[in-house]
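Novice: Quick one, coords20.cif (mmCIF, C-alpha atoms):
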data_query
loop_
_atom_site.group_PDB
_atom_site.id
_atom_site.type_symbol
_atom_site.label_atom_id
_atom_site.label_comp_id
_atom_site.auth_asym_id
_atom_site.auth_seq_id
_atom_site.Cartn_x
_atom_site.Cartn_y
_atom_site.Cartn_z
ATOM 1 C CA MET A 1 200.527 116.770 58.716
ATOM 2 C CA GLU A 2 196.759 116.910 59.181
ATOM 3 C CA ALA A 3 194.452 115.877 56.357
ATOM 4 C CA GLU A 4 192.754 118.607 54.381
ATOM 5 C CA LYS A 5 188.985 119.063 54.483
ATOM 6 C CA LYS A 6 186.301 121.565 53.558
ATOM 7 C CA LEU A 7 185.608 124.499 55.879
ATOM 8 C CA SER A 8 181.936 123.460 55.831
ATOM 9 C CA ASN A 9 182.947 120.243 57.681
ATOM 10 C CA VAL A 10 184.703 122.029 60.568
ATOM 11 C CA LYS A 11 183.099 121.501 63.977
ATOM 12 C CA VAL A 12 182.246 124.297 66.421
ATOM 13 C CA GLY A 13 185.335 125.201 68.481
ATOM 14 C CA GLU A 14 187.787 123.797 65.938
ATOM 15 C CA LYS A 15 190.592 126.003 64.581
ATOM 16 C CA VAL A 16 191.823 125.486 61.042
ATOM 17 C CA ILE A 17 194.149 127.150 58.567
ATOM 18 C CA VAL A 18 193.258 127.894 54.937
ATOM 19 C CA CYS A 19 195.147 125.792 52.377
ATOM 20 C CA ASN A 20 193.292 126.661 49.172
ATOM 21 C CA ILE A 21 190.155 128.323 47.800
ATOM 22 C CA ASN A 22 188.377 126.580 44.916
ATOM 23 C CA SER A 23 185.749 129.175 43.979
ATOM 24 C CA SER A 24 184.837 131.358 41.044
ATOM 25 C CA GLU A 25 186.784 134.582 40.691
ATOM 26 C CA LYS A 26 183.811 136.591 41.990
ATOM 27 C CA ILE A 27 183.439 134.486 45.166
ATOM 28 C CA SER A 28 187.210 134.271 45.670
ATOM 29 C CA ARG A 29 187.387 138.079 45.558
ATOM 30 C CA ARG A 30 184.589 138.356 48.151
ATOM 31 C CA LEU A 31 186.390 135.888 50.439
ATOM 32 C CA PHE A 32 189.660 137.788 49.970
ATOM 33 C CA ASP A 33 187.883 141.054 50.878
ATOM 34 C CA ILE A 34 186.749 139.598 54.226
ATOM 35 C CA GLY A 35 190.238 138.303 55.009
ATOM 36 C CA ILE A 36 190.091 134.683 53.861
ATOM 37 C CA ILE A 37 193.365 133.994 52.083
ATOM 38 C CA LYS A 38 195.899 131.174 52.205
ATOM 39 C CA ASN A 39 197.328 130.610 55.725
ATOM 40 C CA THR A 40 194.471 132.478 57.466
ATOM 41 C CA VAL A 41 193.475 130.904 60.795
ATOM 42 C CA ILE A 42 189.711 130.405 61.122
ATOM 43 C CA GLU A 43 187.714 129.191 64.124
ATOM 44 C CA CYS A 44 184.159 127.907 63.807
ATOM 45 C CA VAL A 45 182.190 129.662 66.557
ATOM 46 C CA GLY A 46 178.676 128.520 65.718
ATOM 47 C CA LYS A 47 176.294 126.826 63.341
ATOM 48 C CA SER A 48 172.645 127.632 62.810
ATOM 49 C CA PRO A 49 170.161 124.926 63.878
ATOM 50 C CA LEU A 50 169.819 123.720 60.281
ATOM 51 C CA GLY A 51 173.575 124.007 59.669
ATOM 52 C CA ASP A 52 173.485 126.926 57.242
ATOM 53 C CA PRO A 53 174.957 129.503 57.635
ATOM 54 C CA SER A 54 177.851 128.964 60.011
ATOM 55 C CA ALA A 55 179.739 131.630 61.969
ATOM 56 C CA TYR A 56 183.527 131.818 61.832
ATOM 57 C CA LEU A 57 186.052 133.966 63.697
ATOM 58 C CA ILE A 58 188.313 135.402 61.001
ATOM 59 C CA ARG A 59 191.017 137.952 61.864
ATOM 60 C CA GLY A 60 189.101 139.172 64.920
ATOM 61 C CA ALA A 61 185.675 139.443 63.269
ATOM 62 C CA VAL A 62 182.811 136.957 63.300
ATOM 63 C CA ILE A 63 181.638 136.279 59.740
ATOM 64 C CA ALA A 64 178.675 134.146 58.642
ATOM 65 C CA LEU A 65 179.272 132.003 55.541
ATOM 66 C CA ARG A 66 176.811 129.889 53.603
ATOM 67 C CA SER A 67 177.654 126.225 53.116
ATOM 68 C CA GLU A 68 177.909 126.695 49.354
ATOM 69 C CA ASP A 69 180.766 129.167 49.920
ATOM 70 C CA SER A 70 182.509 127.401 52.809
ATOM 71 C CA GLU A 71 182.610 124.048 50.996
ATOM 72 C CA ASN A 72 185.000 125.594 48.464
ATOM 73 C CA ILE A 73 187.522 126.589 51.141
ATOM 74 C CA ILE A 74 190.040 123.808 51.791
ATOM 75 C CA VAL A 75 191.540 123.827 55.290
ATOM 76 C CA ARG A 76 193.577 121.721 57.695
ATOM 77 C CA LYS A 77 193.499 121.618 61.476
ATOM 78 C CA VAL A 78 195.851 123.982 63.280
ATOM 79 C CA SER A 79 198.546 121.912 64.960
ATOM 80 C CA ASP A 80 198.957 122.308 68.700
ATOM 81 C CA LYS A 81 202.739 122.764 68.527
#
What would the structure in this file look like if it were written as structure tokens?
Specialist:
Amino acid sequence: MEAEKKLSNVKVGEKVIVCNINSSEKISRRLFDIGIIKNTVIECVGKSPLGDPSAYLIRGAVIALRSEDSENIIVRKVSDK
């Protein structure tokens, strides 16, 4: 099993799956509304030149997330099975 890490540490082109969200209720609700829940597959599709925000492909839509939000999303790499 792959080690868990923060979504903010995912590299461009890497696919991960959500394990947990460690945010306030308000932020967790916002993330839920855009489709980020446990077991959601997310692909990092780009990072701004300064690294914030980053763009992620989530359920067919590209969403930009700030580092302060993405560092509270715990993910693991999608296995290639």
Novice: Which of these, A:Ile27, A:Ala55, A:Ile63, A:Cys44, has the shortest distance to Lys11 in chain A once you count all atoms listed in the file?
Specialist: A:Cys44
Novice: Expand the PyMOL selection byres ((chain A and resi 36) around 12) into the individual residues it matches in the shown file, reporting them as number ranges by chain.
Specialist: A: 7, 16-21, 27-35, 37-43, 56-61, 63, 65, 69-70, 72-75
Novice: Mind writing the picked residues with C-alpha atoms as a PDB file, in the frame of the given file?
Specialist:
ATOM      1  CA  LEU A   7     185.608 124.499  55.879  1.00  0.00           C
ATOM      2  CA  VAL A  16     191.823 125.486  61.042  1.00  0.00           C
ATOM      3  CA  ILE A  17     194.149 127.150  58.567  1.00  0.00           C
ATOM      4  CA  VAL A  18     193.258 127.894  54.937  1.00  0.00           C
ATOM      5  CA  CYS A  19     195.147 125.792  52.377  1.00  0.00           C
ATOM      6  CA  ASN A  20     193.292 126.661  49.172  1.00  0.00           C
ATOM      7  CA  ILE A  21     190.155 128.323  47.800  1.00  0.00           C
ATOM      8  CA  ILE A  27     183.439 134.486  45.166  1.00  0.00           C
ATOM      9  CA  SER A  28     187.210 134.271  45.670  1.00  0.00           C
ATOM     10  CA  ARG A  29     187.387 138.079  45.558  1.00  0.00           C
ATOM     11  CA  ARG A  30     184.589 138.356  48.151  1.00  0.00           C
ATOM     12  CA  LEU A  31     186.390 135.888  50.439  1.00  0.00           C
ATOM     13  CA  PHE A  32     189.660 137.788  49.970  1.00  0.00           C
ATOM     14  CA  ASP A  33     187.883 141.054  50.878  1.00  0.00           C
ATOM     15  CA  ILE A  34     186.749 139.598  54.226  1.00  0.00           C
ATOM     16  CA  GLY A  35     190.238 138.303  55.009  1.00  0.00           C
ATOM     17  CA  ILE A  37     193.365 133.994  52.083  1.00  0.00           C
ATOM     18  CA  LYS A  38     195.899 131.174  52.205  1.00  0.00           C
ATOM     19  CA  ASN A  39     197.328 130.610  55.725  1.00  0.00           C
ATOM     20  CA  THR A  40     194.471 132.478  57.466  1.00  0.00           C
ATOM     21  CA  VAL A  41     193.475 130.904  60.795  1.00  0.00           C
ATOM     22  CA  ILE A  42     189.711 130.405  61.122  1.00  0.00           C
ATOM     23  CA  GLU A  43     187.714 129.191  64.124  1.00  0.00           C
ATOM     24  CA  TYR A  56     183.527 131.818  61.832  1.00  0.00           C
ATOM     25  CA  LEU A  57     186.052 133.966  63.697  1.00  0.00           C
ATOM     26  CA  ILE A  58     188.313 135.402  61.001  1.00  0.00           C
ATOM     27  CA  ARG A  59     191.017 137.952  61.864  1.00  0.00           C
ATOM     28  CA  GLY A  60     189.101 139.172  64.920  1.00  0.00           C
ATOM     29  CA  ALA A  61     185.675 139.443  63.269  1.00  0.00           C
ATOM     30  CA  ILE A  63     181.638 136.279  59.740  1.00  0.00           C
ATOM     31  CA  LEU A  65     179.272 132.003  55.541  1.00  0.00           C
ATOM     32  CA  ASP A  69     180.766 129.167  49.920  1.00  0.00           C
ATOM     33  CA  SER A  70     182.509 127.401  52.809  1.00  0.00           C
ATOM     34  CA  ASN A  72     185.000 125.594  48.464  1.00  0.00           C
ATOM     35  CA  ILE A  73     187.522 126.589  51.141  1.00  0.00           C
ATOM     36  CA  ILE A  74     190.040 123.808  51.791  1.00  0.00           C
ATOM     37  CA  VAL A  75     191.540 123.827  55.290  1.00  0.00           C
TER      38      VAL A  75
END
Novice: Taking the point (191.4, 122.3, 59.7) as given in the file, collect each protein or nucleic acid residue that comes within 7 Å of it, counting all atoms listed in the file, and present the set as a PDB file with C-alpha atoms, in the coordinates of the input.
Specialist:
ATOM      1  CA  GLU A   4     192.754 118.607  54.381  1.00  0.00           C
ATOM      2  CA  LYS A   5     188.985 119.063  54.483  1.00  0.00           C
ATOM      3  CA  VAL A  10     184.703 122.029  60.568  1.00  0.00           C
ATOM      4  CA  LYS A  15     190.592 126.003  64.581  1.00  0.00           C
ATOM      5  CA  VAL A  16     191.823 125.486  61.042  1.00  0.00           C
ATOM      6  CA  ILE A  17     194.149 127.150  58.567  1.00  0.00           C
ATOM      7  CA  VAL A  75     191.540 123.827  55.290  1.00  0.00           C
ATOM      8  CA  ARG A  76     193.577 121.721  57.695  1.00  0.00           C
ATOM      9  CA  LYS A  77     193.499 121.618  61.476  1.00  0.00           C
ATOM     10  CA  VAL A  78     195.851 123.982  63.280  1.00  0.00           C
TER      11      VAL A  78
END
Novice: What is the distance, in Å and to one decimal place, between CA of Ala3 in chain A and CA of Glu68 in chain A?
Specialist: 21.0 Å
Novice: Hey, can you check how far CA of Pro49 in chain A sits from CA of Asn9 in chain A?
Specialist: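 Result for CA of Pro49 in chain A versus CA of Asn9 in chain A: 15.0 Å, one decimal.
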Novice: Would you compute the distance between CA of Pro53 in chain A and CA of Lys6 in chain A? Give it in Å to one decimal.
Specialist: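 Computing it gives 14.4 Å between the two atoms.
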Novice: Counting all atoms listed in the file, which of A:Arg66, A:Gly46, A:Gly51, A:Glu71 gets nearest to Glu14 in chain A?
Specialist: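 Checking each candidate against Glu14 in chain A, we get A:Gly46 as the closest.
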